[in-house]
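Okay, structure first, notes after.
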Amino acid sequence: MRRRFVKGLTLPEVAISALVIGGAVYAAGPHYKIAVQKSKAAALKTELTLIRKAIDQFHADTEGYPDKIEDLARETAPPIYWCRGGMMEWGTQVWNGPYIAFGEVGIGKIKNDPVSEKPYTIIRNEDGRVKVFSSAEGKDPSGTEFREY
């Protein structure tokens, strides 16, 4: 009687392969988590820089500040904005917006803080000046507080 050879893997070969792959995934897990944290922190820094520059440009053009951060992405002038005297209606001023291009920070809107996934923290002074900060608690992988960005 002739013996027939069957192609394929034996159960021990499959088990050893699964152990090797599982071990590699287990060992890479912490590195992956740190890489994700670093990329979110980098995205946060970039977005805060874009938003802050857009606010500065808005102020340079209007001598005021946006009522909402979302006003920076508007195609047309917002109905109101903040100025030294308080809230002002948009009058005959020229609108040079949008100050954040579609796709730079979200598509047509300001998206949430990439670390906390909550809206950015916005502080407005009595003269209407806007400061934007991260809403995330804690520190980034390098040890810097997110609120210090």
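For the structure tokens, the naming scheme is as follows: chains receive sequential letters (A, B, ...) according to their order of presentation, residues are indexed from 1 within each chain, and ligands are indexed from 1 in presentation order.
Within 6 Å of range 116-124 of chain A, once only C-alpha atoms are used and residues closer than 3 positions along the same chain are dropped, the contacting residues are Asn112, Asp113, Gly128, Arg129, Val130, Lys131, Val132, Phe133, Ser134, Ser135 and Ala136 of chain A.
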Emit the selected residues as a CSV table (one decimal), in the first residue's frame, including N, CA and C atoms.
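This is the output file part.csv:
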chain,number,residue,atom,x,y,z
A,112,ASN,N,-13.0,68.6,17.9
A,112,ASN,CA,-12.6,68.6,19.3
A,112,ASN,C,-11.1,68.4,19.5
A,113,ASP,N,-10.7,68.6,20.7
A,113,ASP,CA,-9.3,68.4,21.1
A,113,ASP,C,-9.0,66.9,20.8
A,128,GLY,N,-12.8,90.8,25.3
A,128,GLY,CA,-13.2,89.9,24.2
A,128,GLY,C,-12.0,89.1,23.7
A,129,ARG,N,-10.8,89.3,24.2
A,129,ARG,CA,-9.7,88.5,23.7
A,129,ARG,C,-9.9,87.1,24.0
A,130,VAL,N,-9.6,86.2,23.1
A,130,VAL,CA,-9.9,84.8,23.2
A,130,VAL,C,-8.5,84.0,23.3
A,131,LYS,N,-8.5,83.1,24.3
A,131,LYS,CA,-7.3,82.2,24.4
A,131,LYS,C,-7.9,80.8,24.4
A,132,VAL,N,-7.2,80.0,23.6
A,132,VAL,CA,-7.6,78.6,23.4
A,132,VAL,C,-6.6,77.7,24.0
A,133,PHE,N,-7.1,76.7,24.8
A,133,PHE,CA,-6.2,75.7,25.4
A,133,PHE,C,-6.8,74.3,25.2
A,134,SER,N,-6.0,73.3,25.5
A,134,SER,CA,-6.4,71.9,25.4
A,134,SER,C,-7.4,71.7,26.6
A,135,SER,N,-8.3,70.8,26.4
A,135,SER,CA,-9.3,70.4,27.5
A,135,SER,C,-8.8,69.1,28.1
A,136,ALA,N,-7.7,68.6,27.7
A,136,ALA,CA,-7.2,67.3,28.2
A,136,ALA,C,-6.5,67.5,29.6
- Output as a list of chain:residue names all residues of chain A that backbone DSSP marks as strand (DSSP E).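 Of chain A, only A:Tyr65, A:Pro66, A:Ile80, A:Tyr81, A:Trp82, A:Cys83, A:Gly86, A:Met87, A:Met88, A:Glu89, A:Thr121, A:Ile122, A:Ile123, A:Arg124, A:Val130, A:Lys131, A:Val132, A:Phe133 fall in strand (DSSP E).
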- Message: Rounded to one decimal, what separation in Å do you get between CA of Ile51 in chain A and CA of Lys111 in chain A?
- Response: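 The value is 10.9 Å.
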For range 39-48 of chain A, please output as a PDB file with N, CA and C atoms, in the first residue's frame all residues within 7 Å (counting only C-alpha atoms; exclusion window: fewer than 6 positions along the same chain).
ATOM      1  N   VAL A 105      -8.493  72.091  10.064  1.00  0.00           N
ATOM      2  CA  VAL A 105      -8.935  71.642  11.384  1.00  0.00           C
ATOM      3  C   VAL A 105     -10.373  71.192  11.203  1.00  0.00           C
ATOM      4  N   ASP A 113     -10.708  68.622  20.714  1.00  0.00           N
ATOM      5  CA  ASP A 113      -9.342  68.359  21.136  1.00  0.00           C
ATOM      6  C   ASP A 113      -9.031  66.891  20.834  1.00  0.00           C
ATOM      7  N   PRO A 114      -7.962  66.581  20.086  1.00  0.00           N
ATOM      8  CA  PRO A 114      -7.701  65.188  19.720  1.00  0.00           C
ATOM      9  C   PRO A 114      -7.307  64.299  20.893  1.00  0.00           C
ATOM     10  N   VAL A 115      -6.839  64.877  21.980  1.00  0.00           N
ATOM     11  CA  VAL A 115      -6.435  64.062  23.133  1.00  0.00           C
ATOM     12  C   VAL A 115      -7.639  63.721  24.000  1.00  0.00           C
ATOM     13  N   ASP A 140       1.577  64.790  28.464  1.00  0.00           N
ATOM     14  CA  ASP A 140       1.898  64.050  27.251  1.00  0.00           C
ATOM     15  C   ASP A 140       3.039  63.074  27.551  1.00  0.00           C
ATOM     16  N   TYR A 149       0.213  73.665  26.527  1.00  0.00           N
ATOM     17  CA  TYR A 149       0.457  73.766  25.072  1.00  0.00           C
ATOM     18  C   TYR A 149       0.051  75.125  24.597  1.00  0.00           C
TER      19      TYR A 149
END
- Query: Using only C-alpha atoms, which of the listed residues (A:Ile34, A:Phe5, A:Glu89, A:Tyr99) sits closest to Gln57 in chain A?
  - Reply: A:Tyr99
- Query: Can you tell me how far CA of Ala24 in chain A sits from CA of Pro12 in chain A, in Å to one decimal?
  - Reply: 18.4 Å
- Message: So that I can check the secondary structure, give me every residue of range 38-77 of chain A assigned helix (DSSP H, G or I) by backbone DSSP, as JSON, numbers by chain.
- Response: {"A": [38, 39, 40, 41, 42, 43, 44, 45, 46, 47, 48, 49, 50, 51, 52, 53, 54, 55, 56, 57, 58, 59, 60, 61, 62, 69, 70, 71, 72, 73]}
- Task: Would you kindly return, as a ChimeraX atom specification, each protein, DNA or RNA residue with an atom no farther than 9 Å from any atom of range 78-81 of chain A, considering only C-alpha atoms and excluding same-chain residues fewer than 3 positions away?
- Result: /A:64-68,71-72,74-75,86-91,95,128
Those same residues - N, CA and C atoms - I'd like them written as a JSON list (two decimals), in the first residue's frame.
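Ended up saving to again.json:
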[["chain", "number", "residue", "atom", "x", "y", "z"],
["A", 64, "GLY", "N", -11.08, 92.89, 16.38],
["A", 64, "GLY", "CA", -11.97, 92.21, 17.31],
["A", 64, "GLY", "C", -11.63, 90.73, 17.37],
["A", 65, "TYR", "N", -12.49, 89.99, 18.01],
["A", 65, "TYR", "CA", -12.27, 88.55, 18.18],
["A", 65, "TYR", "C", -13.56, 87.81, 17.81],
["A", 66, "PRO", "N", -13.43, 86.58, 17.34],
["A", 66, "PRO", "CA", -14.64, 85.83, 16.98],
["A", 66, "PRO", "C", -15.50, 85.53, 18.20],
["A", 67, "ASP", "N", -16.82, 85.48, 17.98],
["A", 67, "ASP", "CA", -17.73, 85.12, 19.05],
["A", 67, "ASP", "C", -17.56, 83.65, 19.41],
["A", 68, "LYS", "N", -17.42, 82.81, 18.39],
["A", 68, "LYS", "CA", -17.20, 81.38, 18.58],
["A", 68, "LYS", "C", -16.00, 80.98, 17.74],
["A", 71, "ASP", "N", -16.52, 80.41, 14.09],
["A", 71, "ASP", "CA", -16.63, 81.53, 13.17],
["A", 71, "ASP", "C", -15.38, 81.68, 12.31],
["A", 72, "LEU", "N", -14.27, 81.12, 12.74],
["A", 72, "LEU", "CA", -13.03, 81.21, 11.96],
["A", 72, "LEU", "C", -13.12, 80.44, 10.65],
["A", 74, "ARG", "N", -15.96, 80.12, 8.83],
["A", 74, "ARG", "CA", -17.14, 80.56, 8.06],
["A", 74, "ARG", "C", -16.72, 81.12, 6.71],
["A", 75, "GLU", "N", -17.56, 80.85, 5.73],
["A", 75, "GLU", "CA", -17.36, 81.41, 4.39],
["A", 75, "GLU", "C", -17.83, 82.86, 4.32],
["A", 86, "GLY", "N", -17.36, 95.42, 23.64],
["A", 86, "GLY", "CA", -18.26, 94.29, 23.87],
["A", 86, "GLY", "C", -18.67, 93.66, 22.55],
["A", 87, "MET", "N", -19.84, 93.06, 22.55],
["A", 87, "MET", "CA", -20.34, 92.41, 21.35],
["A", 87, "MET", "C", -20.71, 93.45, 20.31],
["A", 88, "MET", "N", -20.32, 93.21, 19.07],
["A", 88, "MET", "CA", -20.62, 94.13, 17.98],
["A", 88, "MET", "C", -21.29, 93.35, 16.86],
["A", 89, "GLU", "N", -22.23, 94.00, 16.19],
["A", 89, "GLU", "CA", -22.82, 93.39, 15.00],
["A", 89, "GLU", "C", -21.88, 93.60, 13.84],
["A", 90, "TRP", "N", -21.90, 92.64, 12.92],
["A", 90, "TRP", "CA", -21.05, 92.78, 11.75],
["A", 90, "TRP", "C", -21.65, 93.86, 10.87],
["A", 91, "GLY", "N", -20.92, 94.91, 10.69],
["A", 91, "GLY", "CA", -21.44, 96.03, 9.90],
["A", 91, "GLY", "C", -20.93, 95.99, 8.48],
["A", 95, "TRP", "N", -15.07, 91.16, 5.02],
["A", 95, "TRP", "CA", -14.82, 89.81, 5.55],
["A", 95, "TRP", "C", -13.72, 89.17, 4.73],
["A", 128, "GLY", "N", -12.80, 90.85, 25.29],
["A", 128, "GLY", "CA", -13.17, 89.93, 24.22],
["A", 128, "GLY", "C", -12.05, 89.05, 23.72]]
- Query: How many Å separate CA of Leu50 in chain A from CA of Ile69 in chain A?
  - Reply: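 One can read the CA of Leu50 in chain A to CA of Ile69 in chain A distance as 11.5 Å.
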- Message: Taking only C-alpha atoms into account, name the residue in A:Arg84, A:His31, A:Lys53, A:Arg4 that is nearest to Asp127 in chain A.
- Response: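 Smallest distance to Asp127 in chain A is found for A:Arg84.
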- Message: I need the residue nearest Gly85 in chain A from this list: A:Phe58, A:Glu63, A:Glu145, A:Lys139. Use only C-alpha atoms for the distance.
- Response: A:Glu63
